Every structure is written in structure tokens, then in C-alpha cells.
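S.K.: Sharing a structure with you now.
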Amino acid sequence: MNGASTKAIKLYLTCMGLYWLVFGLITTFYPKLMDTFQTEAGIESRSAFSNNVWMHGGLDIISVCILLFTLSRDAVNRRILIAVALVALMPAVAIIYSFIATPYWNGLFIGAGLGCLAFVIWGFVLAGRMKRAERTAS
């Protein structure tokens with residue numbers, strides 16, 4: 001197949017699911033580990049409520065991972081790849097905004113955002129390859 005191969009798409013979706021699964025499991029079951037990404041102000045603002053929010057966020061992340069793992073086993077079209085890339089963009093935007101606009105996050109948090117941006121780029125590259133292959137086939 002020209003363009004984005006089924007194997008490359010499966011790898012992309014699986015890697016993205018595994019990347020986020022780590023964060024989903026941490027925020028659901030051991031949110032204290034997220035202190036690694038926080039400044040002293042962020043750590044000091046922790047409360048029972050914020051731990052509850054972490055848990056909810058973690059379960060949201062795990063739900064996206066379930067979708068990614070499921071999609072990695074099925075035929076995926078270009079629109080789905082673009083949607084997945086946009087899904088990856090949302091946490092990157094949130095991380096960049098939070099890093100710039102709040103005193104709670106240290107420089108390690110940018111690493112997580114860059115990881116998300118890598119999945120944005122990878123997804124759009126695969127979608128572009130798929131589009132070129134569709135044009136060539138028609």
C-alpha cells in the first residue's frame with residue numbers, strides 16, 4: 001500500500017495509547033507521582049479534591065486509550081487519523097497553557113506536552129501519506 005501502511009497506523013495508535021496509559025494509570029491510582037511535574041506552589045495546593053480531579057482525569061485518559069487500542073486493531077481512514085491527531089493536540093494545548101499561565105508546573109511538564117505534540121505531528125504525517133495514496137489510486 002502506498003502512503004501510510006496499516007502497520008505504521010497500528011504502531012502509531014498503539015504507541016499513543018501506551019504513552020497516555022502511563023499517565024492515566026498514575027493519575028488514577030497514584031496522583032502523588034504527578035508532583036514530579038509540579039512546582040512547590042503546585043504541590044502545596046494539593047487537596048483531597050484535587051486528588052479526586054486527578055482520578056477523574058486519569059479515568060478519562062484510560063477511556064481514550066481503550067479507543068486507541070481498539071482503533072489499532074481495525075481499518076482506519078484518513079478522517080480518523082486526523083481526529084486522533086487532534087485528540088493528541090488538546091492535552092498539548094492544555095499543558096502549554098497551564099505551563100505559561102499558572103505557577104504550578106515545572107519544566108518537566110513541557111516534556112509531556114512535547115510527547116503529545118509528537119503524536120500530533122505523527123498523526124498528520126500518516127494522514128497526509130494516506131491522502132497522497134488516495135490521490136494516486138484515483
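Convention: chains lettered A, B, ... in C-alpha cells order; per-chain residue numbering from 1; ligands numbered from 1 as shown.
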Could you list, as a list in words, every residue within 12 Å of Asn52 (chain A), counting only C-alpha atoms and ignoring same-chain residues fewer than 6 positions away?

M.R.: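 Non-adjacent residues within range: Thr27, Thr28, Phe29, Tyr30, Pro31, Lys32, Arg46, Gly58 and Leu59 of chain A.
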
S.K.: How close does each residue of region 14-40 of chain A get to region 105-122 of chain A, giving the shortest atom pair and distance in Å to one decimal for every residue with an atom at most 12 Å away, counting only C-alpha atoms, sorted by chain and residue number, as JSON lines?

M.R.:
```
{"residue": "A:Thr14", "atom": "CA", "partner": "A:Phe119", "partner_atom": "CA", "distance": 11.1}
{"residue": "A:Cys15", "atom": "CA", "partner": "A:Phe119", "partner_atom": "CA", "distance": 8.9}
{"residue": "A:Met16", "atom": "CA", "partner": "A:Phe119", "partner_atom": "CA", "distance": 6.7}
{"residue": "A:Gly17", "atom": "CA", "partner": "A:Phe119", "partner_atom": "CA", "distance": 10.3}
{"residue": "A:Leu18", "atom": "CA", "partner": "A:Phe119", "partner_atom": "CA", "distance": 11.8}
{"residue": "A:Tyr19", "atom": "CA", "partner": "A:Gly115", "partner_atom": "CA", "distance": 8.3}
{"residue": "A:Trp20", "atom": "CA", "partner": "A:Cys116", "partner_atom": "CA", "distance": 8.8}
{"residue": "A:Val22", "atom": "CA", "partner": "A:Ala112", "partner_atom": "CA", "distance": 11.2}
{"residue": "A:Phe23", "atom": "CA", "partner": "A:Ala112", "partner_atom": "CA", "distance": 9.4}
{"residue": "A:Met34", "atom": "CA", "partner": "A:Phe109", "partner_atom": "CA", "distance": 9.4}
{"residue": "A:Asp35", "atom": "CA", "partner": "A:Trp105", "partner_atom": "CA", "distance": 9.0}
{"residue": "A:Thr36", "atom": "CA", "partner": "A:Leu108", "partner_atom": "CA", "distance": 7.6}
{"residue": "A:Phe37", "atom": "CA", "partner": "A:Phe109", "partner_atom": "CA", "distance": 5.1}
{"residue": "A:Gln38", "atom": "CA", "partner": "A:Trp105", "partner_atom": "CA", "distance": 4.2}
{"residue": "A:Thr39", "atom": "CA", "partner": "A:Asn106", "partner_atom": "CA", "distance": 5.2}
{"residue": "A:Glu40", "atom": "CA", "partner": "A:Trp105", "partner_atom": "CA", "distance": 8.7}
```

S.K.: Go through A:Tyr97, A:Tyr104, A:Trp54, A:Phe124 one by one, measure the shortest atom-to-atom distance of each to Leu25 (chain A) using only C-alpha atoms, and give the residue with the smallest value.

M.R.: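 Distance minimum relative to Leu25 (chain A) lands on A:Trp54.
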
S.K.: Could you please determine the separation between CA of Ile61 (chain A) and CA of Gly24 (chain A) in Å, to one decimal place?

M.R.: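 Value for the CA of Ile61 (chain A)-CA of Gly24 (chain A) distance: 5.0 Å.
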
S.K.: Could you find all residues in region 47-128 of chain A that DSSP calls alpha helix (DSSP H) from the backbone, and write them as number ranges by chain?

M.R.: A: 48-71, 78-101, 108-128

S.K.: Using only C-alpha atoms, which of the listed residues (A:Ile43, A:Lys10, A:Arg132, A:Ala4) sits closest to Leu71 (chain A)?

M.R.: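 Between A:Ile43, A:Lys10, A:Arg132, A:Ala4, the residue approaching Leu71 (chain A) most closely is A:Lys10.
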
S.K.: Measuring atom to atom with only C-alpha atoms, identify which of A:Ile95, A:Met90, A:Ile80, A:Ile26 is nearest to Ile62 (chain A).

M.R.: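 Of A:Ile95, A:Met90, A:Ile80, A:Ile26, the one nearest Ile62 (chain A) is A:Ile26, counting only C-alpha atoms.
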
S.K.: Show which residues sit within 10 Å of Arg73 (chain A), as a PyMOL selection string. Count only C-alpha atoms, and ignore same-chain residues fewer than 3 positions away.

M.R.: chain A and resi 6+9-10+13-14+68-70+76

S.K.: Once you have the residues from the selection above, write them out as a PDB file, in the first residue's frame, restricted to N, CA and C atoms.

M.R.:
```
ATOM      1  N   THR A   6      -0.767   0.024   6.935  1.00  0.00           N
ATOM      2  CA  THR A   6      -1.572  -0.453   8.057  1.00  0.00           C
ATOM      3  C   THR A   6      -0.682  -0.674   9.278  1.00  0.00           C
ATOM      4  N   ILE A   9       0.156   2.689  10.903  1.00  0.00           N
ATOM      5  CA  ILE A   9      -1.013   3.232  11.613  1.00  0.00           C
ATOM      6  C   ILE A   9      -1.234   2.475  12.915  1.00  0.00           C
ATOM      7  N   LYS A  10      -1.116   1.166  12.868  1.00  0.00           N
ATOM      8  CA  LYS A  10      -1.275   0.352  14.081  1.00  0.00           C
ATOM      9  C   LYS A  10      -0.214   0.739  15.111  1.00  0.00           C
ATOM     10  N   LEU A  13      -1.147   4.232  16.674  1.00  0.00           N
ATOM     11  CA  LEU A  13      -2.252   4.175  17.626  1.00  0.00           C
ATOM     12  C   LEU A  13      -1.860   3.433  18.904  1.00  0.00           C
ATOM     13  N   THR A  14      -1.102   2.368  18.763  1.00  0.00           N
ATOM     14  CA  THR A  14      -0.665   1.600  19.933  1.00  0.00           C
ATOM     15  C   THR A  14       0.316   2.405  20.781  1.00  0.00           C
ATOM     16  N   LEU A  68      -8.067   4.048  21.470  1.00  0.00           N
ATOM     17  CA  LEU A  68      -6.874   3.946  20.628  1.00  0.00           C
ATOM     18  C   LEU A  68      -6.480   2.497  20.385  1.00  0.00           C
ATOM     19  N   PHE A  69      -6.500   1.684  21.442  1.00  0.00           N
ATOM     20  CA  PHE A  69      -6.143   0.275  21.272  1.00  0.00           C
ATOM     21  C   PHE A  69      -7.146  -0.439  20.378  1.00  0.00           C
ATOM     22  N   THR A  70      -8.417  -0.094  20.493  1.00  0.00           N
ATOM     23  CA  THR A  70      -9.434  -0.695  19.636  1.00  0.00           C
ATOM     24  C   THR A  70      -9.236  -0.274  18.185  1.00  0.00           C
ATOM     25  N   VAL A  76      -8.482   1.949   9.600  1.00  0.00           N
ATOM     26  CA  VAL A  76      -8.631   3.354   9.970  1.00  0.00           C
ATOM     27  C   VAL A  76      -8.504   4.195   8.706  1.00  0.00           C
TER      28      VAL A  76
END
```

S.K.: Please measure the separation of CA of Lys7 (chain A) and CA of Asn77 (chain A), giving the value in Å to one decimal.

M.R.: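 According to the coordinates, CA of Lys7 (chain A) and CA of Asn77 (chain A) are separated by 13.4 Å.
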
S.K.: Separation of CA of Gly57 (chain A) and CA of Leu81 (chain A), in Å?

M.R.: 23.2 Å

S.K.: May I ask which of the residues A:Leu11, A:Ala83, A:Ala48, A:Met55 is the closest one to Ala127 (chain A), counting only C-alpha atoms?

M.R.: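 Residue with the minimum atom-to-atom distance to Ala127 (chain A): A:Ala83.
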
S.K.: When you count only C-alpha atoms, which of these residues is closest to Gly42 (chain A): A:His56, A:Ile66, A:Thr102, A:Lys131?

M.R.: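 Distance minimum relative to Gly42 (chain A) lands on A:Thr102.
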